[in-house]
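Notes to accompany the following structure.
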Protein chains: 6
Amino acid sequence: MMGLEEFEGLSPREIAEKIESMEIRGAADIARAGAYALNRSVKEYPGDDLEGLKAELESCAEMLRSTRPTAVSLKNAIEYVMHTGAEDTQELKEKIKKNSSEFVEKSLQAGDDIAEYGGKRINDGDVILTHCNSSMALGAIKYAWDEGKEISVIATESRPKKQGYITVRELSDHGVPVTLIVDSAVRYKMEEVDKVYVGADTIASNGAVINKIGTSQVALCAHESRVPVSVCAETYKFSRETAFGDLVEIEERDASEIADPEEFPGVQISNPVFDATPSEYIDSIITEEGVISPGGAYRIIKEMER
Amino acid sequence: MMGLEEFEGLSPREIAEKIESMEIRGAADIARAGAYALNRSVKEYPGDDLEGLKAELESCAEMLRSTRPTAVSLKNAIEYVMHTGAEDTQELKEKIKKNSSEFVEKSLQAGDDIAEYGGKRINDGDVILTHCNSSMALGAIKYAWDEGKEISVIATESRPKKQGYITVRELSDHGVPVTLIVDSAVRYKMEEVDKVYVGADTIASNGAVINKIGTSQVALCAHESRVPVSVCAETYKFSRETAFGDLVEIEERDASEIADPEEFPGVQISNPVFDATPSEYIDSIITEEGVISPGGAYRIIKEMER
Amino acid sequence: MMGLEEFEGLSPREIAEKIESMEIRGAADIARAGAYALNRSVKEYPGDDLEGLKAELESCAEMLRSTRPTAVSLKNAIEYVMHTGAEDTQELKEKIKKNSSEFVEKSLQAGDDIAEYGGKRINDGDVILTHCNSSMALGAIKYAWDEGKEISVIATESRPKKQGYITVRELSDHGVPVTLIVDSAVRYKMEEVDKVYVGADTIASNGAVINKIGTSQVALCAHESRVPVSVCAETYKFSRETAFGDLVEIEERDASEIADPEEFPGVQISNPVFDATPSEYIDSIITEEGVISPGGAYRIIKEMER
Amino acid sequence: MMGLEEFEGLSPREIAEKIESMEIRGAADIARAGAYALNRSVKEYPGDDLEGLKAELESCAEMLRSTRPTAVSLKNAIEYVMHTGAEDTQELKEKIKKNSSEFVEKSLQAGDDIAEYGGKRINDGDVILTHCNSSMALGAIKYAWDEGKEISVIATESRPKKQGYITVRELSDHGVPVTLIVDSAVRYKMEEVDKVYVGADTIASNGAVINKIGTSQVALCAHESRVPVSVCAETYKFSRETAFGDLVEIEERDASEIADPEEFPGVQISNPVFDATPSEYIDSIITEEGVISPGGAYRIIKEMER
Amino acid sequence: MMGLEEFEGLSPREIAEKIESMEIRGAADIARAGAYALNRSVKEYPGDDLEGLKAELESCAEMLRSTRPTAVSLKNAIEYVMHTGAEDTQELKEKIKKNSSEFVEKSLQAGDDIAEYGGKRINDGDVILTHCNSSMALGAIKYAWDEGKEISVIATESRPKKQGYITVRELSDHGVPVTLIVDSAVRYKMEEVDKVYVGADTIASNGAVINKIGTSQVALCAHESRVPVSVCAETYKFSRETAFGDLVEIEERDASEIADPEEFPGVQISNPVFDATPSEYIDSIITEEGVISPGGAYRIIKEMER
Amino acid sequence: MMGLEEFEGLSPREIAEKIESMEIRGAADIARAGAYALNRSVKEYPGDDLEGLKAELESCAEMLRSTRPTAVSLKNAIEYVMHTGAEDTQELKEKIKKNSSEFVEKSLQAGDDIAEYGGKRINDGDVILTHCNSSMALGAIKYAWDEGKEISVIATESRPKKQGYITVRELSDHGVPVTLIVDSAVRYKMEEVDKVYVGADTIASNGAVINKIGTSQVALCAHESRVPVSVCAETYKFSRETAFGDLVEIEERDASEIADPEEFPGVQISNPVFDATPSEYIDSIITEEGVISPGGAYRIIKEMER
């Protein structure tokens with residue numbers, strides 16, 4: 001998780017570029033960076049031409065959205081900030097400023113709440129398995145550790161980008177005993193596991209969880225062994241568009257993340273980044289609004305509308 | 001698969017060393033190399049002292065066994081070759097020679113038979129998923145291709161040793177269209193898959209299949225999607241010891257195969273090499289004796305005794 | 001789906017008769033016909049005696065309800081239209097008129113929305129299996145086709161009434177490639193299927209879907225093969241009564257729909273018309289209010305109350 | 001179920017003691033007794049010192065809560081009664097009185113509603129299996145019987161306390177044909193069973209049902225045989241705390257309830273009182289607000305907040 | 001089932017034609033007719049030229065095989081009859097005669113044994129569901145009825161050929177209470193069913209059962225409801241070819257069996273005749289050699305070889 | 001397990017009585033006692049009238065069989081002992097004597113072998129759950145303990161006869177840490193369990209295991225949690241009769257074993273003693289012939305015939 005100060009001084013364009021290059025990454029960081037960028041764009045707007053300001057704002061929003069078209073947290077952050085109803089330039093600037101810091105604050109508070117709710121659900125002695133690198137899931141694990149619970153973690157390396165390396169370092173630095181395994185060892189290790197904690201990129205209105213490739217087979221293995229799966233996710237990761245039929249598109253990234261295609265002439269290399277875990281393999285979704293079953297996703301989306 | 005000529009001229013000790021260092025690897029190659037080494041060890045034995053020859057033979061067998069204590073194919077090959085009942089030096093030498101070449105021949109024939117039986121079970125248009133690098137599974141796939149069936153293959157990279165690289169090159173060289181994926185993408189890709197073909201290191205008397213780490217979660221994902229799993233394995237991979245209670249021990253290899261431990265101070269790295277797939281996720285085991293259900297494993301073991 | 005003009009000129013009694021004889025059939029058509037009939041009954045009421053008018057209205061409602069006592073869409077339509085709070089004859093007539101056309105309009109709009117939401121969830125290249133003849137499910141399929149997606153459909157014949165014949169003609173006329181199969185071939189064909197789309201007669205508060213006999217085994221087969229099942233249903237098919245303990249009664253229709261009983265003396269012929277699909281086999285329910293998981297059914301019912 | 005008159009004349013402390021000793025037991029009775037005790041404690045408060053009265057009330061509440069710290073119904077009853085916003089002594093007394101009787105009334109009404117909704121869902125000829133002794137589940141069964149349905153019941157003995165004895169006597173006295181079995185015979189008898197009806201101690205926000213030890217394996221056996229499980233529970237058994245991460249702790253009671261530890265030196269005896277049934281094995285939760293799927297638990301909790 | 005006298009007087013060619021036109025149908029009748037035809041063909045062979053007789057025999061066998069190329073019972077019957085080792089014309093004629101009547105006798109005896117073993121496994125009061133028209137399954141049901149057990153049967157109509165009509169008439173004539181349903185009503189009716197009894201066309205070496213289209217979804221529905229499925233099949237329905245990799249091809253019959261293609265221009269009609277039920281949904285296979293689990297199929301095949 | 005010396009001096013009739021009264025109980029003890037009794041009956045036979053001796057023997061066998069008509073081990077023991085082919089009195093006496101001691105010896109050896117094979121399959125650190133009181137299962141557990149493995153056991157009380165009391169005392173006396181639970185706590189405790197070990201009364205030819213009531217739900221709970229179930233059983237518990245269609249009848253014992261019927265007027269009490277665990281929930285059957293999958297049961301029965 002990045003501190004807000006890390007965005008300080010960056011122009012909206014610079015922020016957009018850092019999101020695109022994945023220098024700024026993780027659904028929460030992207031969302032907060034987007035909120036920050038919008039405020040920055042209006043703050044610096046010179047004149048007091050309302051239409052011009054609105055156009056500027058919309059163009060900034062568009063630039064941000066296009067960096068990661070499938071990132072629902074960014075889309076929701078932009079929507080939150082731009083919901084103003086303002087009628088003059090000054091009011092619009094102030095509303096955007098207010099909304100922007102409100103979003104950032106709420107987002108940080110959500111992280112704290114999820115860490116607490118998720119952490120309380122971890123018992124002394126638990127072995128937690130996690131996949132990829134989710135600040136929400138790790139927040140819950142650290143909360144439990146800080147409460148004095150003797151826990152340990154098994155973390156997958158999460159090919160191709162090996163975000164598992166970040167996870168094991170982060171947990172180890174925090175003092176939590178952690179074991180690194182290859183992604184193929186999940187079912188083998190599941191016998192020792194008490195709970196699975198993962199994050200989410202997007203949650204669909206039917207309760208399906210879109211997250212890092214491999215999450216769905218981790219969840220399947222957990223279900224086969226009666227190990228409950230908890231998904232830690234702020235409400236702005238719930239996708240309103242899915243309620244109206246949009247399917248979450250699974251991004252296919254560059255083959256070279258897996259292997260150098262030139263070394264494998266004639267071989268196709270396929271690199272899907274996410275997969276969808278059906279609700280039947282998820283015990284609980286832990287949001288800042290509370291712990292819900294996946295069946296409650298539509299309700300969260302409807303509440304957000306109000 | 002190695003040709004026999006590659007063993008030519010190697011001493012039993014050299015063969016043992018190559019097995020240990022995994023220069024000779026793959027259950028079938030190891031078995032044939034062991035059979036070759038035993039013959040070599042008696043052929044070169046100078047005098048005609050029967051007890052001395054027997055001791056030499058036993059010590060060679062022991063040296064071979066200790067290179068890969070959990071390799072059932074090697075153990076079965078040694079047992080096959082050393083079953084002589086010979087009563088003088090000459091007879092023993094001849095019997096060992098005969099048994100040795102018989103084993104090698106049978107082993108090669110078994111490979112051909114399995115390729116045929118397995119290949120016939122692949123339909124035109126099938127998408128086959130395979131894990132790791134099994135010469136038996138690839139033999140069946142190539143057989144189907146050579147019969148003119150339009151098939152394609154999805155191959156996992158099979159961390160940590162990435163034997164999937166060998167697989168995709170081997171298939172691509174053979175002309176078979178093949179796609180490389182990370183191990184985490186198995187469940188995501190399973191929707192496109194018609195059949196799973198894998199090999200086996202050991203088959204237990206209750207029908208469980210011990211194979212490269214990750215096989216069991218591939219099989220679980222296949223079962224979840226009603227995709228049949230075929231295991232291609234010669235009968236000398238069936239373990240008689242498991243019929244008498246031995247559990248197949250899962251080898252834990254060096255952490256450095258996964259990541260450099262020095263870069264991860266305080267982090268444990270666990271590297272199990274195999275896992276066990278329960279019989280309920282296996283549709284068929286394809287042996288040179290025919291296609292059986294996993295429930296028939298005990299029978300194969302009993303037949304081998306005779 | 002019938003156009004409204006087809007009801008034009010029919011008296012309430014005639015409409016009731018056509019519903020009973022199944023000349024007007026399909027949950028949506030029945031509902032709209034009911035709404036139309038109620039308006040017609042008040043429009044033609046001569047005097048301005050409020051109590052008389054109310055009695056007339058209630059008697060017309062009763063006549064309609066009795067035609068298909070288990071049709072929740074009809075019951076909900078009548079309730080919608082009759083919710084007036086009117087205090088004089090004129091007001092009542094106007095309210096009924098307004099409610100009646102509002103219901104019809106909303107119902108048609110719901111169909112369009114469901115077609116869109118459902119259609120967006122179909123991918124290029126998908127093979128869709130459908131059972132019986134649901135205008136909602138077909139609407140979604142046609143929407144996807146009209147968007148230029150290359151899809152095809154497998155349709156069951158849906159014994160005993162063979163509504164599948166209507167389905168294949170309707171899709172074929174629309175240009176969609178379609179294959180007709182017997183009901184017993186569903187599991188066999190499921191290997192080729194990407195998604196199942198069906199309609200619903202009634203949705204219970206616990207998320208169970210009551211639909212044409214056979215739907216539940218289609219859904220079971222789909223679940224076995226990890227094929228997602230989408231149910232397309234307007235919110236007025238959700239049954240408030242089930243929230244208060246009513247069980248949806250499964251109508252048993254005349255044996256002669258299956259075979260001539262006289263040809264089978266001594267043989268009982270049983271002809272249940274619907275079955276209940278449990279929520280665990282349903283991925284999504286697509287309503288005009290959005291895409292929900294079956295767990296959200298109670299919420300839809302509660303929202304309707306307001 | 002106890003009548004209110006049974007609390008008459010008891011002091012708050014006496015009530016607390018009876019709850020602790022389990023003379024007053026059953027989630028509903030405990031809740032009503034708690035509501036009664038709170039009113040009694042303020043009624044008898046001598047002076048008109050507001051702060052003193054509040055302290056008295058809080059201390060009474062604390063005393064009650066400590067008798068059964070995991071009883072969510074008691075906690076919810078106390079919260080209900082103490083939600084007053086009163087600003088002077090008299091107002092507080094009156095509000096407590098009003099809330100207290102309101103809670104009792106609502107609680108009784110809830111029981112009647114659940115009996116009705118649950119009873120309507122039982123068909124003529126049904127064989128119902130029940131576990132332990134739930135007044136809500138038995139209420140539904142008796143309702144169905146009183147409606148003239150020919151049903152019968154299979155009741156487990158429910159070791160260690162054998163509450164099944166109370167169940168079979170209660171049903172037999174009511175005229176309902178009932179069979180007593182040991183807890184181990186549940187799966188064997190499930191072949192004859194049409195529906196399972198049980199109560200609940202606590203319902204978590206993710207839809208898990210915490211109830212008498214053994215409930216979860218009854219539900220598992222029912223699910224294996226496609227027998228629907230209905231849980232009868234008033235809304236005040238839904239735990240708001242679980243929405244914010246609290247896990248329902250499973251009480252471990254005295255070993256001597258199972259066997260005399262002195263007769264088993266060296267043997268540990270473990271006596272967990274509850275277990276958690278995951279939502280996937282539950283067809284419906286029958287509350288006074290209506291029949292919901294377990295996925296609707298969070299909604300019930302949110303509604304209670306308002 | 002046909003009596004042998006029905007073949008009397010028919011030439012081999014006539015028999016072949018009747019098999020092809022399905023006048024002679026059912027795996028057992030086909031097999032016996034084939035055995036009869038072979039004997040007839042040698043009996044009538046004029047000279048004593050051994051090679052000529054052999055050629056005649058082989059050509060008759062080929063003619064028979066080509067009538068129903070996928071009928072394993074016919075293939076196995078022919079193999080049984082032609083296994084002679086005879087060295088002169090007379091011996092060959094006698095051996096064929098002996099083998100032919102032996103096969104017929106064994107086949108009839110197998111039917112009796114299966115009826116007995118299968119019938120004993122039916123309990124008083126059982127409701128049996130059957131699909132299509134299997135003389136073996138009906139034999140077991142009638143055996144149970146004749147033993148005085150009060151049973152009843154639910155029979156599917158088995159579209160497209162409606163062999164269920166034959167089944168209900170046959171059972172009704174025998175006195176067994178029987179109910180006819182459409183194929184789509186299987187899951188709905190499964191709640192009342194105690195056991196499923198079906199026949200088999202072919203049993204594969206991995207225990208999969210190939211039978212009339214729809215059998216696999218009947219078995220899936222049974223498994224979902226914990227209803228055991230028994231397959232009644234003589235050992236000559238076990239396919240040795242499948243042990244060596246052959247896949248059982250699923251015959252696709254004429255579209256017009258389902259509907260008149262001319263009435264459905266532009267619509268494809270697909271008419272697969274069989275499907276494969278995986279061994280996991282089969283409780284027992286009842287053969288004349290005894291009751292086995294599907295895992296024992298390979299053993300039966302191996303025993304037949306001896 | 002009883003020592004043989006405990007039968008010493010008892011007449012055949014006394015042994016029969018002790019079996020009937022369950023003073024001698026447990027499938028192995030019953031079988032050995034039966035073998036002993038047969039020898040005793042011929043040993044004491046006065047004259048040398050062969051027919052008379054045969055009649056005496058048959059009548060003794062009949063008396064023994066009638067004590068526990070469903071005990072397959074007793075039936076198999078009698079069959080084993082009486083298989084003589086003897087042609088004169090002396091020879092018959094000697095053959096019976098020889099067979100009788102052979103059976104006893106083999107039976108004891110089988111127990112040792114099963115303890116060893118089963119014990120080797122238990123790992124250091126395992127938590128084993130067992131149900132009822134099986135000398136075979138406990139033998140395996142003690143073997144593992146004696147090998148120095150740090151294991152512990154969870155034992156159910158096994159209502160109604162509470163054989164779990166014997167189990168916990170026996171294990172505790174042997175030094176094995178053991179915890180007693182009620183039968184309803186099995187699923188709750190399963191999270192801590194690594195393996196389930198149980199015995200068997202009868203094993204059917206399709207691999208189903210008939211054992212103490214409750215075994216099947218223990219196995220179901222184990223399967224749900226991916227905990228492997230091992231059944232320890234000598235080959236003489238495999239029932240040849242089931243291969244020919246006999247169903248294993250589930251004995252219903254006296255209600256008073258559960259509760260005093262007089263205290264529950266109007267209540268039926270049902271006391272089934274065994275249940276059947278389907279093969280899909282059993283990982284391995286451990287016999288003295290080796291570890292098999294349930295699918296191998298028929299083979300064991302066929303081998304016994306030879």
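Chain lettering (A, B, ...) mirrors the order of the structure tokens, residue numbering begins at 1 for each chain separately, and ligand numbering begins at 1 in order of display.
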Set the cut-off to 10 Å and count only C-alpha atoms: what are the residues of chain E that reach chain C? Output as a ChimeraX atom specification. /E:154-160,165,168-169,171-173,175-189,212-218,220-221,224,250,255,258-259,263-277
DSSP says helix (DSSP H, G or I) for which residues of stretch 17-243 of chain E? Put them as a PyMOL selection string? chain E and resi 17-20+27-43+50-67+72-82+89-120+135-146+164-174+183-192+215-224+235-237+240-243
Would you save the residues of that selection, restricted to C-alpha atoms, as a short mmCIF file (atom, residue, chain, number, x, y, z; two decimals), in the first residue's frame?
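Writing done, so here's again_2.cif:
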data_model
loop_
_atom_site.label_atom_id
_atom_site.label_comp_id
_atom_site.auth_asym_id
_atom_site.auth_seq_id
_atom_site.Cartn_x
_atom_site.Cartn_y
_atom_site.Cartn_z
CA GLU E 17 -31.19 -58.32 -42.68
CA LYS E 18 -33.50 -58.57 -39.70
CA ILE E 19 -30.72 -57.36 -37.42
CA GLU E 20 -29.98 -54.47 -39.70
CA ALA E 27 -28.19 -56.89 -27.40
CA ALA E 28 -29.01 -60.44 -26.27
CA ASP E 29 -31.31 -61.30 -29.16
CA ILE E 30 -28.81 -60.01 -31.67
CA ALA E 31 -26.05 -62.08 -30.13
CA ARG E 32 -28.07 -65.28 -30.10
CA ALA E 33 -29.30 -64.70 -33.64
CA GLY E 34 -25.69 -64.25 -34.75
CA ALA E 35 -24.63 -67.50 -33.09
CA TYR E 36 -27.54 -69.28 -34.74
CA ALA E 37 -26.69 -67.85 -38.15
CA LEU E 38 -23.08 -69.00 -38.01
CA ASN E 39 -24.11 -72.56 -37.28
CA ARG E 40 -26.65 -72.44 -40.05
CA SER E 41 -24.01 -71.22 -42.51
CA VAL E 42 -21.67 -74.18 -41.86
CA LYS E 43 -24.41 -76.72 -41.57
CA LEU E 50 -11.79 -76.97 -45.21
CA GLU E 51 -10.49 -73.72 -46.64
CA GLY E 52 -13.73 -73.12 -48.46
CA LEU E 53 -15.74 -73.72 -45.33
CA LYS E 54 -13.53 -71.36 -43.37
CA ALA E 55 -13.94 -68.70 -46.03
CA GLU E 56 -17.70 -69.18 -46.00
CA LEU E 57 -17.75 -68.87 -42.23
CA GLU E 58 -15.61 -65.75 -42.20
CA SER E 59 -17.75 -64.14 -44.84
CA CYS E 60 -20.89 -64.92 -42.89
CA ALA E 61 -19.29 -63.46 -39.74
CA GLU E 62 -18.31 -60.34 -41.65
CA MET E 63 -21.84 -59.95 -43.00
CA LEU E 64 -23.24 -60.22 -39.50
CA ARG E 65 -20.72 -57.79 -37.96
CA SER E 66 -21.43 -55.17 -40.57
CA THR E 67 -25.12 -55.02 -39.68
CA VAL E 72 -20.33 -55.54 -28.83
CA SER E 73 -22.63 -58.45 -27.92
CA LEU E 74 -22.78 -59.56 -31.53
CA LYS E 75 -19.02 -59.29 -31.92
CA ASN E 76 -18.44 -61.28 -28.76
CA ALA E 77 -20.95 -63.96 -29.81
CA ILE E 78 -19.23 -64.40 -33.15
CA GLU E 79 -15.85 -64.63 -31.47
CA TYR E 80 -17.18 -67.21 -29.04
CA VAL E 81 -18.63 -69.41 -31.77
CA MET E 82 -15.63 -69.19 -34.07
CA THR E 89 -14.24 -79.97 -42.07
CA GLN E 90 -16.22 -82.33 -39.94
CA GLU E 91 -14.57 -81.20 -36.74
CA LEU E 92 -15.12 -77.58 -37.67
CA LYS E 93 -18.79 -78.13 -38.36
CA GLU E 94 -19.22 -79.93 -35.08
CA LYS E 95 -17.29 -77.39 -33.08
CA ILE E 96 -19.30 -74.54 -34.56
CA LYS E 97 -22.50 -76.37 -33.81
CA LYS E 98 -21.40 -77.06 -30.26
CA ASN E 99 -20.16 -73.53 -29.66
CA SER E 100 -23.29 -72.08 -31.16
CA SER E 101 -25.70 -73.95 -28.94
CA GLU E 102 -23.38 -73.47 -25.98
CA PHE E 103 -23.43 -69.72 -26.49
CA VAL E 104 -27.19 -69.63 -26.82
CA GLU E 105 -27.62 -71.73 -23.72
CA LYS E 106 -25.14 -69.71 -21.69
CA SER E 107 -26.77 -66.52 -22.85
CA LEU E 108 -30.21 -67.72 -21.74
CA GLN E 109 -28.82 -68.97 -18.46
CA ALA E 110 -27.08 -65.62 -17.96
CA GLY E 111 -30.43 -63.91 -18.33
CA ASP E 112 -31.95 -66.16 -15.67
CA ASP E 113 -29.04 -65.64 -13.30
CA ILE E 114 -29.11 -61.88 -13.71
CA ALA E 115 -32.86 -61.85 -13.11
CA GLU E 116 -32.29 -63.77 -9.90
CA TYR E 117 -29.32 -61.79 -8.59
CA GLY E 118 -30.91 -58.50 -9.56
CA GLY E 119 -34.32 -59.50 -8.26
CA LYS E 120 -32.97 -60.49 -4.86
CA SER E 135 -34.87 -57.36 -20.89
CA MET E 136 -32.23 -57.86 -18.20
CA ALA E 137 -33.52 -55.02 -16.00
CA LEU E 138 -37.13 -56.12 -16.51
CA GLY E 139 -36.14 -59.69 -15.75
CA ALA E 140 -34.88 -58.64 -12.34
CA ILE E 141 -37.99 -56.60 -11.66
CA LYS E 142 -40.28 -59.47 -12.62
CA TYR E 143 -38.26 -61.88 -10.50
CA ALA E 144 -38.81 -59.65 -7.48
CA TRP E 145 -42.51 -59.37 -8.27
CA ASP E 146 -42.81 -63.13 -8.67
CA GLY E 164 -40.80 -47.06 -22.73
CA TYR E 165 -44.15 -48.00 -24.29
CA ILE E 166 -42.94 -51.60 -24.61
CA THR E 167 -41.66 -51.51 -21.04
CA VAL E 168 -44.90 -50.32 -19.47
CA ARG E 169 -46.96 -52.81 -21.43
CA GLU E 170 -44.64 -55.67 -20.56
CA LEU E 171 -44.66 -54.85 -16.87
CA SER E 172 -48.35 -54.15 -16.77
CA ASP E 173 -49.07 -57.48 -18.46
CA HIS E 174 -46.93 -59.14 -15.79
CA ASP E 183 -37.90 -38.23 -19.92
CA SER E 184 -37.78 -34.73 -18.46
CA ALA E 185 -39.62 -35.80 -15.32
CA VAL E 186 -36.86 -38.08 -14.07
CA ARG E 187 -35.33 -35.66 -11.54
CA TYR E 188 -38.77 -34.57 -10.33
CA LYS E 189 -39.85 -38.18 -9.71
CA MET E 190 -36.50 -39.26 -8.23
CA GLU E 191 -37.69 -38.24 -4.76
CA GLU E 192 -40.04 -41.25 -4.75
CA THR E 215 -29.18 -43.22 -19.15
CA SER E 216 -26.33 -41.02 -17.96
CA GLN E 217 -28.63 -38.22 -16.83
CA VAL E 218 -30.93 -40.71 -15.12
CA ALA E 219 -27.84 -41.97 -13.26
CA LEU E 220 -26.72 -38.45 -12.44
CA CYS E 221 -30.15 -37.63 -10.98
CA ALA E 222 -30.09 -40.86 -9.01
CA HIS E 223 -26.66 -40.12 -7.60
CA GLU E 224 -27.73 -36.61 -6.61
CA THR E 235 -20.56 -60.55 -19.55
CA TYR E 236 -20.59 -60.65 -23.36
CA LYS E 237 -21.53 -56.96 -23.28
CA ARG E 240 -12.40 -56.20 -24.92
CA GLU E 241 -11.57 -53.61 -27.57
CA THR E 242 -11.98 -50.80 -25.07
CA ALA E 243 -9.20 -52.36 -23.02
#
Could you check how far atom CA of B:Glu147 sits from atom CA of B:Ile122, in Å to one decimal?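 Atom CA of B:Ile122 lies 10.2 Å from atom CA of B:Glu147.
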DSSP on the backbone: what in stretch 152-306 of chain A comes out strand (DSSP E or B), as a ChimeraX atom specification? /A:152-156,178-181,195-198,202-203,209-212,229-232,238,252,267-269,272,274-277,284-287,290-292
Excluding B:Ser134 and any residue of its chain fewer than 5 positions from it, enumerate the residues within 8 Å of it, using only C-alpha atoms, and give them as a list in words. Gly26, Val198, Gly199 and Ala200 of chain B
I want to know what sits within 6 Å of B:Pro294, based on only C-alpha atoms, with residues of the same chain fewer than 2 positions away left out; could you give that as a PyMOL selection string? chain B and resi 207+279+296-297
Residue subset to file, keeping N, CA, C and O atoms, as a tab-separated table (two decimals), in the first residue's frame:
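To be explicit, this is the file written out as out_32.tsv:
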chain	number	residue	atom	x	y	z
B	207	GLY	N	-5.17	-47.47	-6.08
B	207	GLY	CA	-5.51	-46.71	-7.26
B	207	GLY	C	-5.08	-45.25	-7.24
B	207	GLY	O	-5.30	-44.52	-8.20
B	279	SER	N	-8.19	-41.80	-6.58
B	279	SER	CA	-8.75	-42.51	-7.72
B	279	SER	C	-10.05	-41.90	-8.23
B	279	SER	O	-10.38	-42.02	-9.40
B	296	GLY	N	-8.56	-51.13	-10.53
B	296	GLY	CA	-7.89	-52.35	-10.97
B	296	GLY	C	-6.40	-52.39	-10.63
B	296	GLY	O	-5.72	-53.34	-11.02
B	297	ALA	N	-5.91	-51.39	-9.89
B	297	ALA	CA	-4.46	-51.31	-9.64
B	297	ALA	C	-3.95	-52.54	-8.87
B	297	ALA	O	-2.89	-53.10	-9.18
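Relative to atom CA of F:Val248, atom CA of E:Lys149 is found at 17.1 Å.
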Between atom CA of D:Lys195 and atom CA of D:Ser230 - distance in Å to one decimal: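 A separation of 7.6 Å between them.
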